[in-house]
Structures are given as structure tokens and as C-alpha cells.
file structure.pdb (PDB, C-alpha atoms)
ATOM      1  CA  MET A  18     -27.561 186.491 193.991
ATOM      2  CA  ALA A  19     -24.800 184.024 193.735
ATOM      3  CA  ARG A  20     -21.675 184.960 191.883
ATOM      4  CA  LEU A  21     -20.392 182.278 189.534
ATOM      5  CA  ASN A  22     -17.238 180.481 190.539
ATOM      6  CA  VAL A  23     -14.800 181.671 187.856
ATOM      7  CA  ASN A  24     -11.321 183.128 187.729
ATOM      8  CA  PRO A  25     -11.307 186.921 187.394
ATOM      9  CA  THR A  26      -9.498 187.066 184.066
ATOM     10  CA  ARG A  27     -10.115 188.937 180.814
ATOM     11  CA  MET A  28     -10.758 185.611 179.089
ATOM     12  CA  GLU A  29     -13.592 184.779 181.460
ATOM     13  CA  LEU A  30     -14.909 188.307 181.211
ATOM     14  CA  SER A  31     -15.300 188.217 177.457
ATOM     15  CA  LYS A  32     -16.770 184.706 177.626
ATOM     16  CA  LEU A  33     -19.324 185.832 180.192
ATOM     17  CA  LYS A  34     -20.234 188.900 178.198
ATOM     18  CA  LYS A  35     -21.012 186.700 175.214
ATOM     19  CA  LYS A  36     -23.098 184.391 177.406
ATOM     20  CA  LEU A  37     -24.993 187.342 178.806
ATOM     21  CA  THR A  38     -25.867 188.614 175.337
ATOM     22  CA  SER A  39     -27.213 185.241 174.236
ATOM     23  CA  ALA A  40     -29.077 184.785 177.529
ATOM     24  CA  ARG A  41     -30.761 188.158 177.004
ATOM     25  CA  ARG A  42     -31.689 187.271 173.434
ATOM     26  CA  GLY A  43     -32.974 183.839 174.513
ATOM     27  CA  HIS A  44     -34.993 185.452 177.246
ATOM     28  CA  LYS A  45     -36.645 187.833 174.822
ATOM     29  CA  LEU A  46     -37.439 185.042 172.351
ATOM     30  CA  LEU A  47     -38.860 182.731 174.995
ATOM     31  CA  LYS A  48     -40.943 185.529 176.420
ATOM     32  CA  ASP A  49     -42.430 186.160 172.982
ATOM     33  CA  LYS A  50     -43.055 182.440 172.591
ATOM     34  CA  ARG A  51     -44.796 182.311 175.953
ATOM     35  CA  ASP A  52     -47.004 185.282 175.119
ATOM     36  CA  GLU A  53     -48.039 183.870 171.758
ATOM     37  CA  LEU A  54     -48.693 180.402 173.227
ATOM     38  CA  MET A  55     -50.781 182.009 175.921
ATOM     39  CA  ARG A  56     -52.845 183.951 173.394
ATOM     40  CA  GLN A  57     -53.588 180.819 171.367
ATOM     41  CA  PHE A  58     -54.216 178.831 174.533
ATOM     42  CA  MET A  59     -56.853 181.301 175.711
ATOM     43  CA  ASN A  60     -58.707 181.004 172.376
ATOM     44  CA  LEU A  61     -58.576 177.215 172.583
ATOM     45  CA  ILE A  62     -59.751 177.192 176.180
ATOM     46  CA  LYS A  63     -62.769 179.292 175.277
ATOM     47  CA  GLU A  64     -63.644 176.924 172.432
ATOM     48  CA  ASN A  65     -62.995 173.910 174.640
ATOM     49  CA  ARG A  66     -65.332 175.211 177.308
ATOM     50  CA  LYS A  67     -68.109 175.974 174.861
ATOM     51  CA  LEU A  68     -67.792 172.585 173.148
ATOM     52  CA  ARG A  69     -67.715 170.721 176.431
ATOM     53  CA  THR A  70     -70.863 172.408 177.669
ATOM     54  CA  GLU A  71     -72.652 171.567 174.418
ATOM     55  CA  VAL A  72     -71.401 167.983 174.270
ATOM     56  CA  GLU A  73     -72.248 167.339 177.908
ATOM     57  CA  ALA A  74     -75.753 168.714 177.421
ATOM     58  CA  ALA A  75     -76.316 166.575 174.304
ATOM     59  CA  ILE A  76     -75.005 163.406 175.908
ATOM     60  CA  SER A  77     -77.112 163.992 179.001
ATOM     61  CA  GLU A  78     -80.138 164.328 176.748
ATOM     62  CA  ALA A  79     -79.238 161.106 174.936
ATOM     63  CA  ASN A  80     -78.746 159.428 178.291
ATOM     64  CA  ARG A  81     -82.211 160.507 179.377
ATOM     65  CA  TYR A  82     -83.693 158.895 176.265
ATOM     66  CA  MET A  83     -81.554 155.845 176.903
ATOM     67  CA  ALA A  84     -82.796 155.556 180.479
ATOM     68  CA  VAL A  85     -86.403 155.620 179.268
ATOM     69  CA  ALA A  86     -85.640 153.141 176.491
ATOM     70  CA  GLY A  87     -83.949 150.879 179.045
ATOM     71  CA  SER A  88     -87.030 150.948 181.227
ATOM     72  CA  VAL A  89     -89.533 150.077 178.505
ATOM     73  CA  MET A  90     -87.393 147.516 176.698
ATOM     74  CA  GLN A  91     -85.642 144.461 177.962
ATOM     75  CA  ARG A  92     -81.928 144.972 178.525
ATOM     76  CA  GLU A  93     -81.072 142.062 176.204
ATOM     77  CA  VAL A  94     -83.288 143.345 173.400
ATOM     78  CA  LEU A  95     -81.743 146.783 173.694
ATOM     79  CA  GLU A  96     -78.221 145.409 173.557
ATOM     80  CA  THR A  97     -79.084 143.184 170.615
ATOM     81  CA  ALA A  98     -80.572 146.089 168.698
ATOM     82  CA  LEU A  99     -77.302 147.989 168.978
ATOM     83  CA  MET A 100     -75.037 144.993 168.526
ATOM     84  CA  LEU A 101     -74.337 145.245 164.808
ATOM     85  CA  PRO A 102     -73.708 148.831 163.774
ATOM     86  CA  LYS A 103     -74.279 149.882 160.187
ATOM     87  CA  GLN A 104     -71.976 152.805 160.497
ATOM     88  CA  GLU A 105     -68.273 152.806 161.288
ATOM     89  CA  VAL A 106     -66.202 155.786 162.262
ATOM     90  CA  GLU A 107     -62.610 155.996 161.197
ATOM     91  CA  LEU A 108     -60.263 158.834 161.952
ATOM     92  CA  GLU A 109     -57.448 160.238 159.950
ATOM     93  CA  VAL A 110     -54.877 161.945 162.122
ATOM     94  CA  THR A 111     -52.740 164.819 160.917
ATOM     95  CA  GLU A 112     -50.388 167.017 162.854
ATOM     96  CA  LYS A 113     -50.434 170.748 163.254
ATOM     97  CA  ASN A 114     -47.464 172.681 164.533
ATOM     98  CA  VAL A 115     -48.412 175.548 166.814
ATOM     99  CA  MET A 116     -45.323 177.329 168.159
ATOM    100  CA  SER A 117     -43.422 174.000 168.088
ATOM    101  CA  VAL A 118     -46.208 172.174 169.919
ATOM    102  CA  TYR A 119     -47.410 169.332 167.727
ATOM    103  CA  ILE A 120     -51.147 168.984 168.152
ATOM    104  CA  PRO A 121     -53.186 166.250 166.450
ATOM    105  CA  GLU A 122     -56.078 166.985 164.121
ATOM    106  CA  PHE A 123     -58.767 164.451 163.372
ATOM    107  CA  GLN A 124     -60.682 164.011 160.146
ATOM    108  CA  THR A 125     -63.680 161.746 160.440
ATOM    109  CA  LYS A 126     -64.510 159.178 157.812
ATOM    110  CA  PHE A 127     -67.726 157.204 157.795
ATOM    111  CA  ARG A 128     -67.976 153.774 156.282
ATOM    112  CA  SER A 129     -71.401 154.405 154.872
ATOM    113  CA  GLY A 130     -71.882 157.447 152.686
ATOM    114  CA  ASP A 131     -75.135 158.446 154.341
ATOM    115  CA  THR A 132     -74.240 159.749 157.783
ATOM    116  CA  ASN A 133     -77.866 159.519 158.861
ATOM    117  CA  ASP A 134     -77.910 155.796 158.209
ATOM    118  CA  ILE A 135     -77.415 155.000 161.861
ATOM    119  CA  TYR A 136     -80.330 152.857 162.967
ATOM    120  CA  SER A 137     -78.967 149.344 163.135
ATOM    121  CA  TYR A 138     -82.314 147.787 164.025
ATOM    122  CA  GLY A 139     -85.849 147.448 162.806
ATOM    123  CA  MET A 140     -88.333 149.905 164.245
ATOM    124  CA  ALA A 141     -90.929 147.261 165.178
ATOM    125  CA  PHE A 142     -89.478 145.864 168.382
ATOM    126  CA  THR A 143     -87.636 148.838 169.784
ATOM    127  CA  SER A 144     -88.776 151.851 171.749
ATOM    128  CA  ILE A 145     -88.959 155.255 170.091
ATOM    129  CA  ASP A 146     -86.770 156.589 172.867
ATOM    130  CA  LEU A 147     -83.909 154.468 171.601
ATOM    131  CA  ASP A 148     -84.202 156.254 168.243
ATOM    132  CA  GLY A 149     -84.063 159.558 170.132
ATOM    133  CA  ALA A 150     -80.936 158.529 172.003
ATOM    134  CA  VAL A 151     -79.125 157.328 168.888
ATOM    135  CA  SER A 152     -80.118 160.390 166.880
ATOM    136  CA  ALA A 153     -79.020 162.771 169.669
ATOM    137  CA  LEU A 154     -75.647 161.048 169.879
ATOM    138  CA  ASN A 155     -75.266 161.080 166.109
ATOM    139  CA  SER A 156     -75.832 164.814 165.884
ATOM    140  CA  VAL A 157     -73.279 165.546 168.580
ATOM    141  CA  LEU A 158     -70.588 163.241 167.161
ATOM    142  CA  PRO A 159     -68.781 165.896 165.048
ATOM    143  CA  LYS A 160     -68.603 168.121 168.117
ATOM    144  CA  MET A 161     -67.271 165.234 170.185
ATOM    145  CA  ILE A 162     -64.480 164.650 167.695
ATOM    146  CA  ARG A 163     -63.624 168.347 167.707
ATOM    147  CA  LEU A 164     -63.718 168.297 171.518
ATOM    148  CA  ALA A 165     -61.175 165.457 171.572
ATOM    149  CA  GLU A 166     -58.939 167.532 169.311
ATOM    150  CA  VAL A 167     -59.258 170.757 171.299
ATOM    151  CA  GLU A 168     -58.932 169.068 174.668
ATOM    152  CA  LYS A 169     -55.695 167.365 173.622
ATOM    153  CA  ALA A 170     -54.392 170.632 172.206
ATOM    154  CA  CYS A 171     -55.159 172.406 175.486
ATOM    155  CA  GLN A 172     -53.356 169.766 177.527
ATOM    156  CA  LEU A 173     -50.284 169.794 175.309
ATOM    157  CA  MET A 174     -50.160 173.584 175.211
ATOM    158  CA  ALA A 175     -50.603 173.869 178.970
ATOM    159  CA  ASP A 176     -47.541 171.632 179.363
ATOM    160  CA  GLU A 177     -45.534 173.692 176.906
ATOM    161  CA  ILE A 178     -46.562 177.006 178.469
ATOM    162  CA  GLU A 179     -45.540 175.757 181.889
ATOM    163  CA  LYS A 180     -42.144 174.694 180.549
ATOM    164  CA  THR A 181     -41.597 177.950 178.680
ATOM    165  CA  ARG A 182     -42.631 179.986 181.712
ATOM    166  CA  ARG A 183     -40.111 178.170 183.879
ATOM    167  CA  ARG A 184     -37.384 178.804 181.339
ATOM    168  CA  VAL A 185     -38.241 182.498 181.075
ATOM    169  CA  ASN A 186     -38.219 182.824 184.853
ATOM    170  CA  ALA A 187     -34.942 180.942 185.233
ATOM    171  CA  LEU A 188     -33.288 183.215 182.685
ATOM    172  CA  GLU A 189     -34.817 186.390 184.051
ATOM    173  CA  HIS A 190     -34.312 185.819 187.752
ATOM    174  CA  ILE A 191     -31.272 183.575 188.001
ATOM    175  CA  MET A 192     -29.043 183.318 184.955
ATOM    176  CA  ILE A 193     -29.026 186.933 183.787
ATOM    177  CA  PRO A 194     -28.509 188.466 187.290
ATOM    178  CA  ASP A 195     -25.774 185.900 187.985
ATOM    179  CA  TYR A 196     -23.945 186.772 184.801
ATOM    180  CA  GLU A 197     -24.306 190.494 185.478
ATOM    181  CA  GLU A 198     -22.948 190.129 188.985
ATOM    182  CA  THR A 199     -20.007 187.995 187.902
ATOM    183  CA  ILE A 200     -19.149 190.452 185.125
ATOM    184  CA  LYS A 201     -19.246 193.300 187.626
ATOM    185  CA  TYR A 202     -17.039 191.317 190.017
ATOM    186  CA  ILE A 203     -14.451 190.562 187.337
ATOM    187  CA  THR A 204     -14.401 194.163 186.106
ATOM    188  CA  MET A 205     -13.849 195.443 189.632
ATOM    189  CA  LYS A 206     -11.194 192.858 190.362
ATOM    190  CA  LEU A 207      -9.365 193.724 187.131
ATOM    191  CA  SER A 208      -9.421 197.463 187.741
ATOM    192  CA  GLU A 209      -8.328 196.871 191.314
ATOM    193  CA  ASN A 210      -5.366 194.874 190.001
ATOM    194  CA  GLU A 211      -4.591 197.650 187.592
ATOM    195  CA  ARG A 212      -4.601 200.269 190.355
ATOM    196  CA  SER A 213      -2.423 198.112 192.541
ATOM    197  CA  THR A 214       0.055 197.619 189.693
ATOM    198  CA  THR A 215       0.167 201.379 189.091
ATOM    199  CA  THR A 216       0.753 202.072 192.766
ATOM    200  CA  SER A 217       3.510 199.514 193.103
ATOM    201  CA  LEU A 218       5.137 200.837 189.914
ATOM    202  CA  MET A 219       5.087 204.350 191.341
ATOM    203  CA  LYS A 220       6.554 203.051 194.564
ATOM    204  CA  VAL A 221       9.287 201.177 192.755
ATOM    205  CA  LYS A 222      10.026 204.230 190.625
ATOM    206  CA  ASP A 223      10.364 206.321 193.773
ATOM    207  CA  MET A 224      12.725 203.815 195.302
ATOM    208  CA  VAL A 225      14.851 203.577 192.163
ATOM    209  CA  LEU A 226      15.041 207.353 191.858
ATOM    210  CA  LYS A 227      15.935 207.655 195.495
ATOM    211  CA  ASP A 228      18.741 205.151 195.115
ATOM    212  CA  SER A 229      20.251 206.633 191.968
ATOM    213  CA  HIS A 230      19.996 210.388 192.685
ATOM    214  CA  LYS A 231      19.965 210.360 196.457
ATOM    215  CA  TYR A 232      16.773 212.423 196.390
ATOM    216  CA  HIS A 233      14.917 213.054 199.580
TER     217      HIS A 233
ATOM    218  CA  MET B  22     -56.414 154.465 159.908
ATOM    219  CA  TYR B  23     -57.255 155.375 163.471
ATOM    220  CA  LYS B  24     -60.368 154.475 165.444
ATOM    221  CA  ALA B  25     -62.367 155.892 168.327
ATOM    222  CA  ALA B  26     -63.407 153.998 171.459
ATOM    223  CA  VAL B  27     -65.937 154.474 174.239
ATOM    224  CA  ILE B  28     -65.399 152.991 177.703
ATOM    225  CA  GLY B  29     -67.930 152.872 180.528
ATOM    226  CA  ASP B  30     -70.861 151.043 182.034
ATOM    227  CA  SER B  31     -73.182 149.308 179.635
ATOM    228  CA  ALA B  32     -76.144 151.671 179.976
ATOM    229  CA  SER B  33     -74.082 154.794 179.294
ATOM    230  CA  VAL B  34     -72.117 153.614 176.304
ATOM    231  CA  SER B  35     -74.455 151.305 174.351
ATOM    232  CA  GLY B  36     -75.840 154.151 172.279
ATOM    233  CA  PHE B  37     -72.436 154.902 170.810
ATOM    234  CA  ALA B  38     -72.283 151.416 169.297
ATOM    235  CA  ALA B  39     -74.903 152.456 166.725
ATOM    236  CA  LEU B  40     -72.661 155.295 165.557
ATOM    237  CA  GLY B  41     -69.838 152.918 164.770
ATOM    238  CA  LEU B  42     -67.544 153.755 167.655
ATOM    239  CA  SER B  43     -65.878 150.770 169.319
ATOM    240  CA  VAL B  44     -67.655 150.255 172.618
ATOM    241  CA  PHE B  45     -66.081 148.562 175.645
ATOM    242  CA  ARG B  46     -68.316 147.830 178.611
ATOM    243  CA  GLU B  47     -65.917 147.768 181.541
ATOM    244  CA  THR B  48     -66.364 148.970 185.103
ATOM    245  CA  GLU B  49     -63.419 147.423 186.947
ATOM    246  CA  PRO B  50     -60.314 149.579 187.460
ATOM    247  CA  GLU B  51     -57.729 146.899 186.558
ATOM    248  CA  LYS B  52     -59.549 145.943 183.383
ATOM    249  CA  ILE B  53     -59.987 149.587 182.325
ATOM    250  CA  THR B  54     -56.290 150.288 182.917
ATOM    251  CA  LYS B  55     -55.304 147.323 180.769
ATOM    252  CA  LEU B  56     -57.857 148.243 178.143
ATOM    253  CA  ILE B  57     -56.605 151.827 177.865
ATOM    254  CA  SER B  58     -53.003 150.764 177.362
ATOM    255  CA  ARG B  59     -54.104 148.179 174.817
ATOM    256  CA  LEU B  60     -56.173 150.742 172.912
ATOM    257  CA  ALA B  61     -53.375 153.298 173.015
ATOM    258  CA  ALA B  62     -51.020 150.768 171.445
ATOM    259  CA  ASN B  63     -53.576 149.758 168.828
ATOM    260  CA  ASP B  64     -54.311 152.822 166.737
ATOM    261  CA  PHE B  65     -57.070 154.321 168.814
ATOM    262  CA  ALA B  66     -56.746 158.088 168.481
ATOM    263  CA  VAL B  67     -59.699 159.083 170.654
ATOM    264  CA  ILE B  68     -60.974 157.365 173.788
ATOM    265  CA  TYR B  69     -64.200 158.605 175.353
ATOM    266  CA  ILE B  70     -64.593 157.439 178.923
ATOM    267  CA  THR B  71     -67.480 158.041 181.296
ATOM    268  CA  GLU B  72     -66.700 160.205 184.307
ATOM    269  CA  PRO B  73     -67.311 157.455 186.945
ATOM    270  CA  ALA B  74     -65.087 155.036 185.008
ATOM    271  CA  ALA B  75     -62.406 157.714 184.603
ATOM    272  CA  ALA B  76     -62.454 158.429 188.341
ATOM    273  CA  LEU B  77     -61.358 154.825 188.944
ATOM    274  CA  VAL B  78     -58.289 155.078 186.728
ATOM    275  CA  SER B  79     -57.247 158.737 187.031
ATOM    276  CA  ASP B  80     -53.532 157.772 187.229
ATOM    277  CA  THR B  81     -53.671 156.003 183.881
ATOM    278  CA  ILE B  82     -55.490 158.933 182.302
ATOM    279  CA  ASN B  83     -52.951 161.431 183.625
ATOM    280  CA  LYS B  84     -50.215 159.297 182.121
ATOM    281  CA  TYR B  85     -51.590 159.907 178.630
ATOM    282  CA  ARG B  86     -52.144 163.613 179.247
ATOM    283  CA  SER B  87     -48.823 164.751 177.839
ATOM    284  CA  SER B  88     -48.573 162.226 175.001
ATOM    285  CA  LYS B  89     -49.877 163.216 171.605
ATOM    286  CA  LEU B  90     -52.215 160.256 171.145
ATOM    287  CA  PRO B  91     -54.640 159.029 172.301
ATOM    288  CA  SER B  92     -56.842 161.928 173.306
ATOM    289  CA  ILE B  93     -58.845 160.781 176.319
ATOM    290  CA  VAL B  94     -62.090 162.691 176.762
ATOM    291  CA  LEU B  95     -64.432 162.468 179.736
ATOM    292  CA  ILE B  96     -68.155 162.250 178.996
ATOM    293  CA  PRO B  97     -71.090 162.216 181.417
ATOM    294  CA  ALA B  98     -72.495 158.795 182.353
ATOM    295  CA  ILE B  99     -76.176 157.909 182.517
ATOM    296  CA  GLU B 100     -76.331 158.846 186.212
ATOM    297  CA  GLY B 101     -75.622 162.467 185.361
ATOM    298  CA  ASN B 102     -72.797 164.939 185.006
ATOM    299  CA  THR B 103     -70.225 164.944 187.822
ATOM    300  CA  GLY B 104     -68.295 167.938 186.497
ATOM    301  CA  ASP B 105     -64.993 166.033 186.340
ATOM    302  CA  GLY B 106     -64.565 166.851 182.657
ATOM    303  CA  MET B 107     -64.894 170.576 183.277
ATOM    304  CA  ARG B 108     -62.559 170.308 186.257
ATOM    305  CA  ALA B 109     -59.838 168.888 183.995
ATOM    306  CA  LEU B 110     -60.198 172.008 181.851
ATOM    307  CA  HIS B 111     -59.772 174.255 184.889
ATOM    308  CA  ASP B 112     -56.690 172.243 185.891
ATOM    309  CA  ALA B 113     -55.141 172.853 182.473
ATOM    310  CA  VAL B 114     -55.754 176.606 182.809
ATOM    311  CA  GLU B 115     -54.264 176.631 186.276
ATOM    312  CA  LYS B 116     -51.201 174.785 185.040
ATOM    313  CA  ALA B 117     -50.647 177.178 182.145
ATOM    314  CA  VAL B 118     -51.585 180.513 183.679
ATOM    315  CA  GLY B 119     -50.706 179.852 187.308
ATOM    316  CA  SER B 120     -54.204 180.509 188.596
ATOM    317  CA  ASP B 121     -57.695 179.591 187.506
ATOM    318  CA  ILE B 122     -58.849 182.578 185.517
ATOM    319  CA  LEU B 123     -62.025 181.016 184.137
ATOM    320  CA  ASN B 124     -65.408 181.939 185.694
TER     321      ASN B 124
END
call {"tool": "encode", "arguments": {"input": "structure.pdb", "output": "C-alpha cells"}}
result
Amino acid sequence: MARLNVNPTRMELSKLKKKLTSARRGHKLLKDKRDELMRQFMNLIKENRKLRTEVEAAISEANRYMAVAGSVMQREVLETALMLPKQEVELEVTEKNVMSVYIPEFQTKFRSGDTNDIYSYGMAFTSIDLDGAVSALNSVLPKMIRLAEVEKACQLMADEIEKTRRRVNALEHIMIPDYEETIKYITMKLSENERSTTTSLMKVKDMVLKDSHKYH
Amino acid sequence: MYKAAVIGDSASVSGFAALGLSVFRETEPEKITKLISRLAANDFAVIYITEPAAALVSDTINKYRSSKLPSIVLIPAIEGNTGDGMRALHDAVEKAVGSDILN
């Protein structure tokens, strides 16, 4: 461990002692923060994984319907059928503070009151598989919105955990040992000085006594 | 008020149009990159992008990883699930924990 480059004085010693106390307190706080972030992160990750599996399965199902619909209908007709949506999704974004990580939350708002009012085409000229695709996507939409929320939260928290972990490690393995070593160095240097002063005083006293009383 | 967008090839994303999400049929990397930055600047809170399209512009997507909005989510395309979306989840765990503890 590297000793800090400071003068071995009492001033520096008391300064360093103060720094060491706050470094220890900071270390404890950051460690608690890291642990709590980690706990919440693990819950989110579990939810994220579950949601993703469900959403992926639902979209794959919708895609299967879509593939069939695309094969029985003309591409242009299919595109035209979906061209003018009845429904419109709008999102309201609010913020949630989790251990000083600001994660977004989405509230969905639909333009039309009836959320099942999704078929933007007449049934006569379109394949039934298209209805299946649209309905499958519609039922998974709330989960997709939640997935977007959770996935963003996971990314932001992963960043924050990484940062906090680095800080904890820097304090634990570099700053605190450095301070401790420098404090030890200054203490030793000071007591060494003290001993040397005492010895030279004794020596001087001897010499003075010798001179004045002619002692041997 | 924020909106949600879907980016990908026409066959994979058309269905979302009926739900009222804004659909963008793009498959070229440069256009997708431009589109994403335009959407991010224009009140789009959520961008769903198909896995093949996302693979073309992974740099752009990583850029938005640490910003609060938009949330970019990978979804399977019509050709099937490539597992890229799940891999991103494992990456996040590895970043936070130090090793992949899922599975």
C-alpha cells in the first residue's frame, strides 16, 4: 500500500484521522446502498425475465398468425387493412426514485375508451388469421409496456450498482488502507522525534552538569 | 404526452399499427440510426425494435442504455426469436453482479 505524500506533523495527523472517520462512514453507507440496490435489482431481473419470456412467446404467436395472413392475402391488401388504426396509444411518464436511481414509469392511455376496439378493417376482405395476430398483440400490449419499464429500470440499476461497487471497493481497498498506513507512519515519526528530543535533552543535561560540577 | 414506436421489417411490425403504436418500416442501418435519434428527441418514451433490426444498430442502442428515456426493447421478428433480447438481460446481470448468476 502506498503511503500518502504528506508532512509528518500533528496537523496532518488530525486531518487524516478526520478523513479516515468519514471514509469509514462513507464506506459503510455505500455498502448498504449497494446491498439494497442489489436486492431490488434481483427482484426486477426475475420479473424482467418472466415478462420477456411471456412477451416473446405472445409475439411469436402473433407473428405465426401474421405469416399465415400474409400468405393468404395480398401484401398490399394487408398493409391497407392496417393503415388507419382506430386505436392510439399514448404514454404518461412519471419518475420513481429507487435508492437515488430515477427510473421511468409508464401509464398507458388509449384514445378510444374500448380497448378491444382494435380492428381497423372490415372483416369481409381480410383473413381470419389477421384478426388472430392483431388480437394476440393487443392482449400482450400491457405486458410489453411493463417490460419496457422493467427493462429500463434494470439497465439503469445495473449501471448504478456497478458505480457503487467500484466506489465501495476503492474505499475499502485503497483509500482506507492508505489513510491507516499514513496515520501509522506519522504517529511513529512523531514518537521517534519525541524520543530523540528526550535523548538529546538528557545528553545536554549531562554535559551541562559535567561542566558546572566537574562530575565524572 | 409520450408515444411508443415500433421499428422493423414490414411483415414483423405491421400488426402493431392496429394497436395504435407508431410503426416505422425500416431495414437499413443508417436510416434506423437516424430514426432512433429522431424518435428519442421527439417524445417517444418506448421504442420496440425487432432483433434483426437491432443487431444492425447495436451501437446506437447501447448509447441509449444509460439514458432515462427512451426505453428501447427488443422483440422477436417474424423469422423467429434470436435470443438477443434475453442476452441483453444476462449482460445487465453480469454488469451488476460481476458474473452471470441467472440459469
call {"tool": "residues_around", "arguments": {"input": "structure.pdb", "residues": "Thr26 in chain A", "least_positions_apart": "4", "cutoff": "8 Å", "atoms": "only C-alpha atoms", "output": "VMD selection string"}}
result
chain A and resid 30 203 207
call {"tool": "residues_around", "arguments": {"input": "structure.pdb", "residues": "Ser43 in chain B", "least_positions_apart": "2", "cutoff": "10 Å", "atoms": "all atoms listed in the file", "output": "list in words"}}
result
Pro102, Glu105 and Val106 of chain A; Lys24, Ala25, Ala26, Val27, Ile28, Val34, Ser35, Phe37, Ala38, Ala39, Leu40, Gly41, Phe45, Phe65 and Ile68 of chain B
call {"tool": "interface_residues", "arguments": {"input": "structure.pdb", "of": "chain A", "to": "chain B", "cutoff": "6 Å", "atoms": "all atoms listed in the file", "output": "JSON, numbers by chain"}}
result
{"A": [80, 99, 102, 104, 105, 106, 107, 108, 109, 151, 165, 169, 173, 175, 178, 179]}
call {"tool": "write_last_selection", "arguments": {"input": "structure.pdb", "atoms": "C-alpha atoms", "output": "CSV table (one decimal), keeping the file's coordinate frame"}}
result
chain,number,residue,atom,x,y,z
A,80,ASN,CA,-78.7,159.4,178.3
A,99,LEU,CA,-77.3,148.0,169.0
A,102,PRO,CA,-73.7,148.8,163.8
A,104,GLN,CA,-72.0,152.8,160.5
A,105,GLU,CA,-68.3,152.8,161.3
A,106,VAL,CA,-66.2,155.8,162.3
A,107,GLU,CA,-62.6,156.0,161.2
A,108,LEU,CA,-60.3,158.8,162.0
A,109,GLU,CA,-57.4,160.2,160.0
A,151,VAL,CA,-79.1,157.3,168.9
A,165,ALA,CA,-61.2,165.5,171.6
A,169,LYS,CA,-55.7,167.4,173.6
A,173,LEU,CA,-50.3,169.8,175.3
A,175,ALA,CA,-50.6,173.9,179.0
A,178,ILE,CA,-46.6,177.0,178.5
A,179,GLU,CA,-45.5,175.8,181.9
call {"tool": "residues_near_point", "arguments": {"input": "structure.pdb", "point": "(-24.4, 187.5, 197.2)", "cutoff": "10 Å", "atoms": "all atoms listed in the file", "output": "list in words"}}
result
Met18, Ala19, Arg20, Asp195 and Glu198 of chain A
call {"tool": "axis_aligned_box", "arguments": {"input": "structure.pdb", "around": "range 159-168 of chain A", "padding_each_side": "3 Å", "output": "lines of an AutoDock Vina configuration file"}}
result
center_x = -63.9
center_y = 167.7
center_z = 169.9
size_x = 15.8
size_y = 12.1
size_z = 15.6
call {"tool": "atom_distance", "arguments": {"input": "structure.pdb", "atom1": "CA of Phe142 in chain A", "atom2": "CA of Lys103 in chain A"}}
result
17.7 Å
call {"tool": "atom_distance", "arguments": {"input": "structure.pdb", "atom1": "CA of His44 in chain A", "atom2": "CA of Val167 in chain A"}}
result
29.0 Å
call {"tool": "decode", "arguments": {"input": "structure.pdb", "residues": "range 49-70 of chain B", "atoms": "C-alpha atoms", "output": "PDB file, in the first residue's frame"}}
result
ATOM      1  CA  GLU B  49     -31.279  -0.120 -43.397  1.00  0.00           C
ATOM      2  CA  PRO B  50     -28.776   0.615 -40.614  1.00  0.00           C
ATOM      3  CA  GLU B  51     -28.216   4.310 -41.450  1.00  0.00           C
ATOM      4  CA  LYS B  52     -31.925   5.020 -41.658  1.00  0.00           C
ATOM      5  CA  ILE B  53     -32.643   3.179 -38.390  1.00  0.00           C
ATOM      6  CA  THR B  54     -29.875   5.096 -36.607  1.00  0.00           C
ATOM      7  CA  LYS B  55     -31.294   8.405 -37.797  1.00  0.00           C
ATOM      8  CA  LEU B  56     -34.812   7.314 -36.965  1.00  0.00           C
ATOM      9  CA  ILE B  57     -33.901   6.328 -33.404  1.00  0.00           C
ATOM     10  CA  SER B  58     -32.243   9.655 -32.670  1.00  0.00           C
ATOM     11  CA  ARG B  59     -35.193  11.481 -34.199  1.00  0.00           C
ATOM     12  CA  LEU B  60     -37.676   9.488 -32.116  1.00  0.00           C
ATOM     13  CA  ALA B  61     -35.640   9.974 -28.954  1.00  0.00           C
ATOM     14  CA  ALA B  62     -35.732  13.732 -29.485  1.00  0.00           C
ATOM     15  CA  ASN B  63     -39.449  13.704 -30.253  1.00  0.00           C
ATOM     16  CA  ASP B  64     -41.224  12.448 -27.158  1.00  0.00           C
ATOM     17  CA  PHE B  65     -41.083   8.748 -27.843  1.00  0.00           C
ATOM     18  CA  ALA B  66     -40.754   7.039 -24.470  1.00  0.00           C
ATOM     19  CA  VAL B  67     -40.707   3.440 -25.686  1.00  0.00           C
ATOM     20  CA  ILE B  68     -39.175   2.075 -28.877  1.00  0.00           C
ATOM     21  CA  TYR B  69     -39.747  -1.573 -29.750  1.00  0.00           C
ATOM     22  CA  ILE B  70     -37.281  -2.828 -32.319  1.00  0.00           C
TER      23      ILE B  70
END
